[in-house]
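Text of run_23.txt, listed as compact mmCIF, C-alpha atoms and all ligand atoms:
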# COMPACT_ATOMS: atom_id res chain seq x y z
CA MET B 920 44.73 -15.75 -38.59
CA SER B 921 41.30 -14.20 -38.98
CA LEU B 922 39.43 -14.75 -42.23
CA GLN B 923 39.90 -12.12 -44.93
CA ALA B 924 38.36 -11.36 -48.32
CA PRO B 925 40.40 -13.22 -50.99
CA ARG B 926 43.45 -11.42 -52.38
CA GLY B 927 42.46 -8.94 -55.08
CA THR B 928 38.88 -8.63 -53.83
CA ARG B 929 37.37 -6.21 -51.36
CA ASP B 930 34.24 -5.37 -49.46
CA ILE B 931 32.63 -2.13 -50.48
CA LEU B 932 30.81 -0.60 -47.53
CA ALA B 933 28.58 2.46 -47.28
CA PRO B 934 28.94 5.27 -48.23
CA GLU B 935 31.20 4.04 -51.10
CA SER B 936 28.63 1.37 -52.01
CA ALA B 937 25.98 4.09 -52.39
CA ARG B 938 28.32 5.94 -54.70
CA LEU B 939 28.86 2.81 -56.78
CA ARG B 940 25.13 2.31 -57.07
CA ALA B 941 24.60 5.95 -58.03
CA LEU B 942 27.20 5.53 -60.75
CA VAL B 943 25.44 2.45 -62.12
CA ASP B 944 22.12 4.32 -61.95
CA ALA B 945 23.64 7.19 -63.93
CA PHE B 946 24.85 4.70 -66.52
CA ALA B 947 21.43 3.06 -66.70
CA THR B 948 19.85 6.45 -67.35
CA ALA B 949 22.38 7.37 -70.04
CA ALA B 950 22.12 3.97 -71.75
CA GLU B 951 18.33 3.88 -71.67
CA LEU B 952 18.17 7.41 -73.11
CA GLY B 953 20.07 5.90 -76.02
CA GLY B 954 17.66 3.00 -76.45
CA TYR B 955 19.83 0.32 -74.82
CA GLY B 956 18.00 -2.23 -72.65
CA GLN B 957 19.55 -3.99 -69.68
CA VAL B 958 20.67 -7.61 -69.90
CA HIS B 959 21.38 -9.83 -66.90
CA SER B 960 23.49 -12.81 -67.86
CA PRO B 961 25.09 -15.51 -65.70
CA MET B 962 28.33 -14.78 -63.85
CA PHE B 963 29.69 -18.07 -65.14
CA GLU B 964 29.51 -19.63 -68.58
CA GLN B 965 30.63 -22.78 -70.33
CA ILE B 966 34.34 -22.20 -70.72
CA GLU B 967 34.10 -22.42 -74.53
CA VAL B 968 32.24 -19.09 -74.62
CA PHE B 969 35.47 -17.36 -73.67
CA GLN B 970 37.92 -19.79 -75.25
CA ARG B 971 36.37 -19.44 -78.68
CA VAL B 972 36.74 -15.70 -78.68
CA GLY B 973 40.31 -15.30 -77.59
CA GLU B 974 42.70 -18.11 -76.87
CA ALA B 975 45.62 -15.78 -77.62
CA THR B 976 44.38 -13.31 -75.02
CA ASP B 977 45.94 -13.27 -71.54
CA ILE B 978 42.51 -12.71 -70.05
CA VAL B 979 41.40 -16.07 -71.45
CA SER B 980 44.60 -18.11 -71.42
CA LYS B 981 46.07 -17.09 -68.06
CA GLU B 982 43.63 -15.11 -65.99
CA MET B 983 40.40 -17.07 -66.04
CA TYR B 984 38.86 -18.54 -62.90
CA GLN B 985 37.76 -21.95 -64.11
CA PHE B 986 36.27 -24.90 -62.33
CA ARG B 987 34.26 -28.07 -62.73
CA ASP B 988 30.86 -28.15 -61.11
CA PRO B 989 29.55 -31.26 -59.34
CA GLY B 990 28.00 -32.31 -62.70
CA ASP B 991 31.53 -32.20 -64.22
CA ARG B 992 30.74 -29.21 -66.45
CA HIS B 993 33.79 -27.09 -67.25
CA LEU B 994 32.82 -23.52 -66.38
CA ALA B 995 34.52 -20.16 -66.02
CA LEU B 996 33.66 -17.03 -64.06
CA ARG B 997 33.19 -14.38 -66.71
CA PRO B 998 36.33 -12.27 -67.29
CA GLU B 999 34.33 -9.82 -69.44
CA LEU B 1000 30.81 -9.49 -70.79
CA THR B 1001 30.99 -9.03 -74.54
CA ALA B 1002 31.43 -12.77 -75.14
CA SER B 1003 28.53 -13.55 -72.78
CA LEU B 1004 26.30 -11.09 -74.62
CA ALA B 1005 27.29 -12.53 -77.99
CA ARG B 1006 26.41 -15.99 -76.61
CA ALA B 1007 23.07 -14.62 -75.34
CA PHE B 1008 22.43 -13.08 -78.73
CA VAL B 1009 23.03 -16.40 -80.51
CA GLN B 1010 20.77 -18.16 -78.02
CA HIS B 1011 17.82 -15.73 -78.17
CA ARG B 1012 18.15 -14.05 -81.58
CA PRO B 1013 16.51 -10.76 -80.56
CA ALA B 1014 15.39 -8.38 -83.32
CA LEU B 1015 18.17 -6.28 -84.88
CA PRO B 1016 19.65 -3.93 -84.11
CA TRP B 1017 19.96 -5.29 -80.59
CA LYS B 1018 21.14 -2.62 -78.13
CA ALA B 1019 22.03 -3.99 -74.72
CA TRP B 1020 23.65 -2.58 -71.60
CA TYR B 1021 24.96 -4.38 -68.53
CA GLU B 1022 26.66 -3.94 -65.20
CA GLY B 1023 28.24 -6.29 -62.73
CA PRO B 1024 31.38 -7.97 -61.49
CA GLN B 1025 34.04 -9.56 -63.71
CA PHE B 1026 36.77 -11.92 -62.55
CA ARG B 1027 40.39 -12.03 -63.67
CA TYR B 1028 43.35 -13.66 -61.98
CA GLU B 1029 45.60 -10.62 -62.29
CA LYS B 1030 48.33 -9.22 -60.07
CA PRO B 1031 46.41 -6.98 -57.68
CA GLN B 1032 47.56 -3.37 -57.39
CA ALA B 1033 46.01 0.09 -57.12
CA GLY B 1034 43.03 0.16 -59.48
CA ARG B 1035 43.50 -3.51 -60.46
CA PHE B 1036 41.49 -6.21 -58.71
CA ARG B 1037 40.61 -9.85 -59.24
CA GLN B 1038 36.94 -9.04 -58.93
CA PHE B 1039 35.98 -5.67 -60.36
CA ASN B 1040 32.84 -4.03 -61.67
CA GLN B 1041 32.09 -2.90 -65.17
CA VAL B 1042 29.28 -1.12 -66.93
CA GLY B 1043 29.05 -1.50 -70.67
CA ALA B 1044 26.93 -1.51 -73.78
CA GLU B 1045 26.82 -3.43 -77.04
CA LEU B 1046 25.07 -2.79 -80.33
CA PHE B 1047 24.60 -5.90 -82.48
CA GLY B 1048 23.44 -5.98 -86.07
CA SER B 1049 24.82 -2.88 -87.78
CA ASP B 1050 28.06 -2.18 -89.58
CA ASP B 1051 27.17 1.47 -90.07
CA PRO B 1052 29.97 3.74 -88.77
CA GLN B 1053 27.17 5.72 -87.11
CA ALA B 1054 26.66 2.71 -84.84
CA ASP B 1055 30.28 3.06 -83.66
CA VAL B 1056 29.59 6.74 -83.04
CA ASP B 1057 26.40 5.86 -81.11
CA VAL B 1058 28.25 3.66 -78.61
CA ILE B 1059 31.27 5.98 -78.27
CA ALA B 1060 28.93 8.93 -77.71
CA LEU B 1061 27.19 7.00 -74.91
CA ALA B 1062 30.51 6.30 -73.16
CA TRP B 1063 31.58 9.91 -73.57
CA ARG B 1064 28.26 11.43 -72.46
CA PHE B 1065 28.16 9.22 -69.38
CA CYS B 1066 31.77 9.88 -68.30
CA THR B 1067 31.62 13.62 -68.84
CA GLY B 1068 28.23 13.59 -67.06
CA LEU B 1069 30.00 12.28 -63.95
CA GLY B 1070 31.99 15.50 -63.98
CA LEU B 1071 35.20 14.01 -65.38
CA GLY B 1072 37.09 16.68 -67.28
CA GLN B 1073 40.51 15.11 -67.72
CA LEU B 1074 39.43 12.36 -70.07
CA ARG B 1075 41.01 11.45 -73.36
CA LEU B 1076 39.30 9.42 -76.05
CA VAL B 1077 41.91 7.53 -78.08
CA VAL B 1078 40.81 5.88 -81.32
CA ASN B 1079 42.31 3.57 -83.89
CA SER B 1080 41.22 1.08 -86.53
CA LEU B 1081 42.56 -2.46 -86.62
CA GLY B 1082 41.30 -3.00 -90.17
CA ASP B 1083 39.32 -6.00 -91.32
CA ARG B 1084 40.25 -9.60 -90.54
CA ALA B 1085 42.54 -9.96 -93.58
CA ASP B 1086 44.14 -6.52 -92.96
CA ARG B 1087 44.79 -7.46 -89.39
CA GLU B 1088 46.33 -10.78 -90.36
CA ALA B 1089 48.63 -9.17 -92.95
CA TYR B 1090 49.62 -6.55 -90.40
CA LEU B 1091 50.23 -9.20 -87.74
CA ALA B 1092 52.54 -11.09 -90.11
CA ALA B 1093 54.47 -7.91 -90.94
CA LEU B 1094 54.70 -7.05 -87.26
CA ALA B 1095 55.90 -10.53 -86.31
CA ALA B 1096 58.59 -10.40 -89.04
CA TYR B 1097 59.71 -6.96 -87.87
CA PHE B 1098 59.95 -7.99 -84.20
CA GLU B 1099 61.58 -11.33 -84.89
CA GLU B 1100 64.43 -9.58 -86.69
CA ARG B 1101 64.92 -7.48 -83.56
CA ALA B 1102 64.07 -10.08 -80.91
CA GLY B 1103 67.51 -9.63 -79.33
CA GLU B 1104 66.70 -6.00 -78.51
CA LEU B 1105 63.42 -6.84 -76.76
CA SER B 1106 63.03 -7.45 -73.03
CA ALA B 1107 62.69 -11.10 -71.93
CA GLN B 1108 58.98 -10.52 -71.28
CA GLY B 1109 58.71 -8.79 -74.64
CA ARG B 1110 60.08 -11.91 -76.35
CA GLU B 1111 57.54 -13.99 -74.51
CA THR B 1112 54.73 -11.66 -75.63
CA LEU B 1113 56.07 -11.87 -79.20
CA SER B 1114 55.71 -15.65 -79.19
CA ARG B 1115 52.06 -15.37 -78.12
CA ASN B 1116 50.73 -12.22 -79.75
CA PRO B 1117 52.99 -9.63 -81.44
CA LEU B 1118 50.16 -7.06 -81.37
CA ARG B 1119 50.37 -6.87 -77.60
CA LEU B 1120 54.00 -5.77 -77.83
CA LEU B 1121 52.74 -2.47 -79.17
CA ASP B 1122 51.37 -1.46 -75.79
CA SER B 1123 54.34 -2.72 -73.81
CA LYS B 1124 55.52 -0.02 -71.41
CA ARG B 1125 59.03 -1.50 -70.95
CA PRO B 1126 61.72 0.90 -72.30
CA ALA B 1127 63.60 -1.81 -74.29
CA ASP B 1128 60.38 -2.83 -76.05
CA ARG B 1129 59.33 0.75 -76.64
CA ALA B 1130 62.58 1.52 -78.41
CA VAL B 1131 61.86 -1.34 -80.82
CA THR B 1132 58.13 -0.68 -81.25
CA SER B 1133 58.71 2.96 -82.21
CA GLY B 1134 59.95 1.83 -85.63
CA ALA B 1135 57.35 -0.93 -86.12
CA PRO B 1136 55.06 -0.96 -89.17
CA ASP B 1137 51.85 1.08 -88.93
CA ILE B 1138 48.44 -0.54 -89.11
CA GLU B 1139 47.22 2.33 -91.31
CA ASP B 1140 49.33 1.02 -94.19
CA TYR B 1141 47.39 -2.28 -94.06
CA TRP B 1142 43.82 -0.97 -94.02
CA SER B 1143 41.58 -2.10 -96.88
CA PRO B 1144 39.84 0.80 -98.64
CA ALA B 1145 36.55 -0.24 -96.95
CA ALA B 1146 38.14 -0.25 -93.49
CA ALA B 1147 39.79 3.12 -94.12
CA GLU B 1148 36.50 4.58 -95.30
CA HIS B 1149 34.69 3.20 -92.25
CA PHE B 1150 37.23 4.76 -89.90
CA ALA B 1151 37.07 8.13 -91.65
CA ALA B 1152 33.28 8.08 -91.25
CA VAL B 1153 33.58 7.27 -87.53
CA LEU B 1154 35.96 10.20 -87.02
CA ALA B 1155 33.69 12.53 -89.00
CA GLY B 1156 30.74 11.38 -86.84
CA LEU B 1157 32.64 12.14 -83.62
CA GLU B 1158 33.65 15.54 -84.95
CA ALA B 1159 30.05 16.31 -85.85
CA LEU B 1160 29.05 15.64 -82.23
CA GLY B 1161 31.89 17.74 -80.84
CA ILE B 1162 33.50 14.75 -79.14
CA PRO B 1163 37.26 15.34 -78.99
CA PHE B 1164 39.54 12.40 -79.80
CA GLU B 1165 43.17 11.53 -80.41
CA ARG B 1166 44.30 9.01 -83.01
CA ASN B 1167 46.86 6.45 -81.94
CA PRO B 1168 47.90 3.79 -84.48
CA ARG B 1169 49.48 1.80 -81.62
CA LEU B 1170 46.19 1.27 -79.76
CA VAL B 1171 45.39 -2.45 -80.04
CA ARG B 1172 43.34 -3.32 -76.90
CA GLY B 1173 43.70 -6.55 -74.94
CA LEU B 1174 41.03 -8.67 -76.59
CA ASP B 1175 41.58 -10.35 -79.92
CA TYR B 1176 38.17 -10.07 -81.43
CA TYR B 1177 38.32 -6.40 -82.41
CA ARG B 1178 37.95 -5.43 -86.07
CA ARG B 1179 38.03 -1.94 -87.46
CA THR B 1180 37.28 0.56 -84.69
CA ALA B 1181 39.08 0.28 -81.35
CA PHE B 1182 38.95 2.96 -78.69
CA GLU B 1183 39.98 3.65 -75.15
CA LEU B 1184 39.05 6.26 -72.57
CA ALA B 1185 41.96 7.31 -70.39
CA SER B 1186 42.01 9.69 -67.46
CA ASP B 1187 44.94 12.08 -67.03
CA ALA B 1188 43.94 12.32 -63.37
CA LEU B 1189 44.97 8.66 -62.83
CA ASP B 1190 48.41 7.14 -62.49
CA GLY B 1191 49.87 6.36 -65.94
CA ALA B 1192 50.09 2.58 -65.55
CA GLN B 1193 46.41 2.23 -64.67
CA ASP B 1194 44.91 5.23 -66.47
CA ALA B 1195 42.39 3.42 -68.73
CA VAL B 1196 38.85 3.80 -67.46
CA GLY B 1197 37.42 1.78 -70.32
CA GLY B 1198 37.49 0.83 -73.91
CA GLY B 1199 35.85 -1.05 -76.69
CA GLY B 1200 35.46 -1.38 -80.39
CA ARG B 1201 33.90 -3.28 -83.22
CA TYR B 1202 33.87 -7.07 -83.21
CA ASP B 1203 32.40 -8.17 -86.52
CA GLY B 1204 32.87 -11.93 -86.68
CA LEU B 1205 32.51 -12.61 -82.94
CA VAL B 1206 28.90 -13.76 -83.17
CA ALA B 1207 29.80 -16.12 -86.02
CA ASP B 1208 32.72 -17.47 -83.96
CA LEU B 1209 30.17 -18.43 -81.32
CA GLY B 1210 28.10 -20.38 -83.81
CA GLY B 1211 25.65 -17.62 -84.73
CA PRO B 1212 24.95 -15.78 -87.98
CA ASP B 1213 27.50 -13.31 -89.29
CA VAL B 1214 26.10 -10.35 -87.37
CA PRO B 1215 28.41 -7.39 -86.70
CA GLY B 1216 28.67 -5.66 -83.34
CA VAL B 1217 30.29 -2.76 -81.54
CA GLY B 1218 30.47 -1.92 -77.85
CA PHE B 1219 32.52 -0.97 -74.81
CA ALA B 1220 33.08 -1.66 -71.13
CA LEU B 1221 34.05 0.84 -68.46
CA GLY B 1222 35.72 -0.07 -65.18
CA VAL B 1223 33.50 1.20 -62.37
CA ASP B 1224 36.26 1.06 -59.75
CA ARG B 1225 38.61 3.03 -62.04
CA LEU B 1226 35.90 5.55 -62.86
CA LEU B 1227 35.37 6.18 -59.15
CA LEU B 1228 39.13 6.59 -58.64
CA ALA B 1229 39.15 9.12 -61.48
CA CYS B 1230 36.20 10.91 -59.84
CA ASP B 1231 38.15 11.00 -56.55
CA ALA B 1232 41.19 12.40 -58.31
CA GLU B 1233 39.06 15.13 -59.93
CA GLY B 1234 36.98 15.76 -56.79
CA THR B 1235 33.69 15.01 -58.52
CA PHE B 1236 30.70 12.66 -58.10
CA PRO B 1237 30.50 12.58 -54.29
CA ALA B 1238 28.53 9.89 -52.45
CA PRO B 1239 24.80 10.71 -52.43
CA PRO B 1240 23.46 11.91 -49.07
CA GLY B 1241 22.82 8.89 -46.88
CA ALA B 1242 22.55 10.64 -43.53
CA ALA B 1243 19.35 10.48 -41.57
CA GLU B 1244 17.13 13.55 -41.82
CA VAL B 1245 15.43 12.91 -38.50
CA PHE B 1246 16.57 11.16 -35.33
CA VAL B 1247 13.98 9.95 -32.84
CA VAL B 1248 15.08 10.09 -29.21
CA ASP B 1249 12.74 8.10 -27.00
CA VAL B 1250 13.35 7.79 -23.27
CA THR B 1251 10.07 6.03 -22.58
CA GLY B 1252 11.27 2.57 -23.57
CA GLY B 1253 11.58 2.64 -27.33
CA ARG B 1254 8.06 1.80 -28.48
CA GLN B 1255 7.37 5.42 -29.46
CA ALA B 1256 10.60 5.56 -31.44
CA SER B 1257 9.50 2.45 -33.28
CA LEU B 1258 6.08 3.89 -34.14
CA LEU B 1259 7.35 7.34 -35.12
CA ALA B 1260 10.24 6.00 -37.18
CA GLU B 1261 7.99 3.69 -39.15
CA GLU B 1262 5.38 6.39 -39.76
CA LEU B 1263 7.99 8.82 -41.03
CA ARG B 1264 9.76 6.19 -43.15
CA ARG B 1265 6.47 5.25 -44.78
CA ALA B 1266 6.24 8.93 -45.75
CA GLY B 1267 9.69 8.70 -47.39
CA ILE B 1268 11.69 10.47 -44.66
CA ARG B 1269 15.12 9.06 -43.66
CA VAL B 1270 14.92 8.29 -39.95
CA GLU B 1271 17.33 6.86 -37.40
CA ARG B 1272 16.76 5.86 -33.81
CA ALA B 1273 18.70 4.29 -30.96
CA PHE B 1274 18.16 0.87 -29.45
CA ASP B 1275 18.75 -0.76 -26.07
CA GLY B 1276 16.92 1.87 -23.94
CA ARG B 1277 19.93 4.13 -23.76
CA SER B 1278 20.05 7.34 -21.72
CA MET B 1279 18.87 10.71 -23.06
CA LYS B 1280 22.48 11.89 -23.20
CA ALA B 1281 23.66 8.83 -25.15
CA GLN B 1282 20.76 9.11 -27.58
CA MET B 1283 21.39 12.83 -28.17
CA LYS B 1284 25.02 12.02 -28.90
CA ALA B 1285 23.95 9.40 -31.42
CA ALA B 1286 21.54 11.92 -32.96
CA ASP B 1287 24.41 14.39 -33.31
CA ARG B 1288 26.65 11.83 -34.97
CA SER B 1289 23.91 10.76 -37.37
CA GLY B 1290 24.00 14.10 -39.17
CA ALA B 1291 20.21 14.46 -38.81
CA ARG B 1292 18.78 17.97 -39.13
CA TRP B 1293 15.96 17.38 -36.68
CA ALA B 1294 15.53 15.39 -33.49
CA LEU B 1295 12.16 14.26 -32.22
CA LEU B 1296 12.11 13.82 -28.45
CA VAL B 1297 9.67 11.66 -26.55
CA GLY B 1298 9.84 11.73 -22.75
CA ALA B 1299 7.26 10.97 -20.08
CA ASP B 1300 5.81 14.54 -20.34
CA GLU B 1301 5.41 14.36 -24.09
CA LEU B 1302 3.83 10.94 -23.91
CA ALA B 1303 1.29 12.10 -21.31
CA GLY B 1304 0.53 15.31 -23.25
CA GLY B 1305 0.11 13.65 -26.69
CA VAL B 1306 2.94 15.74 -28.15
CA VAL B 1307 6.55 15.36 -29.22
CA SER B 1308 9.35 17.87 -28.88
CA LEU B 1309 11.06 18.93 -32.04
CA ARG B 1310 14.61 20.19 -31.91
CA ARG B 1311 16.92 21.54 -34.60
CA MET B 1312 20.25 19.78 -34.41
CA ARG B 1313 23.54 21.57 -34.00
CA GLY B 1314 24.85 22.89 -37.28
CA HIS B 1315 21.31 23.09 -38.68
CA GLU B 1316 20.00 26.02 -36.62
CA ALA B 1317 18.19 28.77 -38.47
CA ALA B 1318 20.37 31.89 -38.24
CA GLU B 1319 17.39 34.24 -38.17
CA ALA B 1320 15.61 32.54 -35.25
CA PRO B 1321 18.03 30.78 -32.91
CA GLU B 1322 15.40 30.84 -30.15
CA SER B 1323 13.25 28.40 -32.13
CA VAL B 1324 15.63 25.57 -31.36
CA GLN B 1325 12.96 23.52 -29.66
CA SER B 1326 9.18 23.41 -29.97
CA ARG B 1327 6.34 21.02 -29.28
CA ILE B 1328 4.01 19.62 -31.89
CA PRO B 1329 0.92 17.43 -31.56
CA ARG B 1330 1.71 13.75 -31.98
CA GLY B 1331 -0.82 13.44 -34.81
CA GLY B 1332 0.81 16.20 -36.89
CA VAL B 1333 4.42 14.97 -36.83
CA VAL B 1334 4.67 13.60 -40.35
CA GLU B 1335 3.07 16.63 -41.94
CA GLU B 1336 5.18 19.09 -39.96
CA LEU B 1337 8.47 17.32 -40.69
CA ALA B 1338 7.68 16.95 -44.38
CA ARG B 1339 7.03 20.70 -44.48
CA LEU B 1340 10.22 21.59 -42.58
CA LEU B 1341 12.41 19.28 -44.66
CA ALA B 1342 10.99 20.66 -47.92
CA GLU B 1343 11.64 24.20 -46.64
CA GLY B 1344 15.21 23.23 -45.69
CA ALA B 1345 15.80 21.67 -49.10
CA ALA B 1346 14.56 24.86 -50.79
CA GLU B 1347 16.89 27.00 -48.61
CA GLY B 1348 19.77 24.62 -49.32
CA SER B 1349 19.29 24.72 -53.07
CA GLY B 1350 18.93 28.50 -53.01
CA SER B 1351 22.29 29.07 -51.32
P1 LIG G 1401 38.75 -4.56 -70.78
O1 LIG G 1401 37.55 -5.44 -70.55
O2 LIG G 1401 40.05 -5.26 -70.51
O3 LIG G 1401 38.70 -3.85 -72.08
O4 LIG G 1401 38.71 -3.46 -69.65
C1 LIG G 1401 37.81 -2.39 -69.65
C2 LIG G 1401 38.02 -1.57 -68.41
O5 LIG G 1401 37.74 -2.35 -67.25
C3 LIG G 1401 39.46 -1.12 -68.18
O6 LIG G 1401 39.73 0.06 -68.89
C4 LIG G 1401 39.49 -0.89 -66.69
O7 LIG G 1401 38.92 0.35 -66.36
C5 LIG G 1401 38.58 -1.98 -66.18
N1 LIG G 1401 39.38 -3.13 -65.73
C6 LIG G 1401 39.91 -4.13 -66.47
N2 LIG G 1401 40.56 -5.00 -65.70
C7 LIG G 1401 40.46 -4.55 -64.43
C8 LIG G 1401 40.92 -5.02 -63.15
N3 LIG G 1401 41.61 -6.14 -63.02
N4 LIG G 1401 40.62 -4.28 -62.05
C9 LIG G 1401 39.91 -3.13 -62.16
N5 LIG G 1401 39.44 -2.66 -63.33
C10 LIG G 1401 39.71 -3.35 -64.45

Re-express the file's structure as structure tokens.
Amino acid sequence: MSLQAPRGTRDILAPESARLRALVDAFATAAELGGYGQVHSPMFEQIEVFQRVGEATDIVSKEMYQFRDPGDRHLALRPELTASLARAFVQHRPALPWKAWYEGPQFRYEKPQAGRFRQFNQVGAELFGSDDPQADVDVIALAWRFCTGLGLGQLRLVVNSLGDRADREAYLAALAAYFEERAGELSAQGRETLSRNPLRLLDSKRPADRAVTSGAPDIEDYWSPAAAEHFAAVLAGLEALGIPFERNPRLVRGLDYYRRTAFELASDALDGAQDAVGGGGRYDGLVADLGGPDVPGVGFALGVDRLLLACDAEGTFPAPPGAAEVFVVDVTGGRQASLLAEELRRAGIRVERAFDGRSMKAQMKAADRSGARWALLVGADELAGGVVSLRRMRGHEAAEAPESVQSRIPRGGVVEELARLLAEGAAEGSGS
């Protein structure tokens, strides 16, 4: 059998790859407008970085790609980036508040399905060093501004608070007691989840589990006054910015380190099982768990692949234009095409050409397929006369002057003339 990309991974070719890059660029712009600076961190870490932050989490206990390197170091491909950034924070101790954004692939050994891969891309941001509810609002506003800026209209922001560490522990105990009394009514998988982490039962989608969870205790009854006050301030901050949200006391998120604020962005344009485009929350205590000072933090990650699926479903954020603007057809051997293409490319014009000394007809066909607006033709006559022929391609003719389909221009004036024509075309295009 021929070699294939590993299960759960895929190659992303143009034009989709250009769209992915444009999305990351848009995120970079949004994050940097908010004062977040980019961090590049390694794709693999000492395994303890992830183990210390969430042994009860599936992502860490079951889904991590781990290996020993030839130096016998136990390493893991990163399943997420918050832990890596907390590790980087402890290592470098940047000035506070530290506002960082990132992008790149994550690795999880999950069951592949639509919108769920074993290698997938995320963009995200973290704000370390503030427990002000306005910091929560700052990161949520970034996620919201970026997603709506992509043209997504069917987004829902769902928010909850998981209380402080002690609140969460008291709630967890109450939840475990409640579920254990009703273990017989849970699904077999639900019972297994209960033994590992009762919180995760709350987002079980299995009907038997849902029937039981509907009567489960509410986290709100376990909030400390400080946690309740923090959450109220976050909600007031979102309201002040006109960011719509829904409250859901059952929202717990998959990672164990969240304290107080937790949120998720879901798209109604996506299939229900895989409708989360991202999420995040506050993780006070995480930095200390990694051996650093007790510095609070709040952040989020968005799934790039899911965001693009949501954009597809809403018909927004198309691939940026990648088509050539000019195609050089050279039937004198190819040297002229080489010279002209390079000259035009140095001037910032997107140029294609053919190789292998193909016939005029074959080259014109390639020019047609390329989507170029203009073809430059070099034949023996043109070469001898120091000119090139310029032809408007089919579909790009000027309605008012169809006779001007082909003209000749001096070889020395090609760059200037094409720059002028392309600028004119762009102005016409934007005016229509
Ligand atoms: P998490 O890091 O689990 O909070 O996930 C944040 C976002 O990353 C999710 O809402 C998804 O959009 C995306 N994501 C998580 N896991 C996967 C996966 N296996 N494949 C594709 N996207 C994913």

>> Under the rule that all atoms listed in the file are counted, which of B:Leu922, B:Ala937, B:Met1279, B:Val1196 is the nearest residue to ligand LIG 1401 (chain G)?
In response: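 Checking each of B:Leu922, B:Ala937, B:Met1279, B:Val1196 against ligand LIG 1401 (chain G), counting all atoms listed in the file, the winner is B:Val1196.
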
Per-residue nearest contacts chain B to ligand LIG 1401 (chain G), cut-off 6 Å, using all atoms listed in the file, as a Markdown table:
| residue | atom | partner | partner_atom | distance |
| --- | --- | --- | --- | --- |
| B:Glu999 | CA | G:LIG1401 | O1 | 5.5 |
| B:Gly1034 | CA | G:LIG1401 | C9 | 5.3 |
| B:Arg1035 | CA | G:LIG1401 | N4 | 3.4 |
| B:Phe1036 | CA | G:LIG1401 | N4 | 4.0 |
| B:Arg1037 | CA | G:LIG1401 | N3 | 5.4 |
| B:Phe1039 | CA | G:LIG1401 | C9 | 5.0 |
| B:Gly1173 | CA | G:LIG1401 | O2 | 5.9 |
| B:Ala1195 | CA | G:LIG1401 | O6 | 4.3 |
| B:Val1196 | CA | G:LIG1401 | O7 | 3.6 |
| B:Gly1197 | CA | G:LIG1401 | O6 | 3.2 |
| B:Gly1198 | CA | G:LIG1401 | O3 | 5.2 |
| B:Ala1220 | CA | G:LIG1401 | C1 | 5.0 |
| B:Leu1221 | CA | G:LIG1401 | C2 | 4.6 |
| B:Gly1222 | CA | G:LIG1401 | O7 | 3.4 |
| B:Arg1225 | CA | G:LIG1401 | O7 | 5.1 |

Selection above as a file: C-alpha atoms, as a compact mmCIF listing (two decimals), keeping the file's coordinate frame:
# COMPACT_ATOMS: atom_id res chain seq x y z
CA GLU B 999 34.33 -9.82 -69.44
CA GLY B 1034 43.03 0.16 -59.48
CA ARG B 1035 43.50 -3.51 -60.46
CA PHE B 1036 41.49 -6.21 -58.71
CA ARG B 1037 40.61 -9.85 -59.24
CA PHE B 1039 35.98 -5.67 -60.36
CA GLY B 1173 43.70 -6.55 -74.94
CA ALA B 1195 42.39 3.42 -68.73
CA VAL B 1196 38.85 3.80 -67.46
CA GLY B 1197 37.42 1.78 -70.32
CA GLY B 1198 37.49 0.83 -73.91
CA ALA B 1220 33.08 -1.66 -71.13
CA LEU B 1221 34.05 0.84 -68.46
CA GLY B 1222 35.72 -0.07 -65.18
CA ARG B 1225 38.61 3.03 -62.04

>> What's the separation between CA of Gly1210 in chain B and CA of Arg1006 in chain B, in Å to one decimal place?
In response: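 Separation between CA of Gly1210 in chain B and CA of Arg1006 in chain B: 8.6 Å.
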
> Residues at most 10 Å from Thr1251 in chain B, counting all atoms listed in the file, excluding those fewer than 2 positions away in the same chain, as a list of chain:residue names?
Replying inline: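 Using all atoms listed in the file, the neighbours found are B:Val1248, B:Asp1249, B:Gly1253, B:Arg1254, B:Gln1255, B:Ala1256, B:Gly1276, B:Met1279, B:Leu1296, B:Val1297, B:Gly1298, B:Ala1299, B:Asp1300, B:Glu1301, B:Leu1302.
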
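Residue nearest Gly1241 in chain B, chosen from B:Val1270, B:Leu1258, B:Leu1071, B:Val1171 and counting all atoms listed in the file: B:Val1270.
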
> Counting only C-alpha atoms, what is within 9 Å of range 1121-1125 of chain B, bar same-chain residues fewer than 5 positions away, as a PyMOL selection string?
Replying inline: chain B and resi 1106+1109+1130+1132-1133+1135+1169-1172+1192

> So which one's closest to Arg1277 in chain B, B:Gly1070, B:Ser960, B:Val1250, B:Phe1182? Using only C-alpha atoms, please.
Replying inline: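 Of B:Gly1070, B:Ser960, B:Val1250, B:Phe1182, the one nearest Arg1277 in chain B is B:Val1250, counting only C-alpha atoms.
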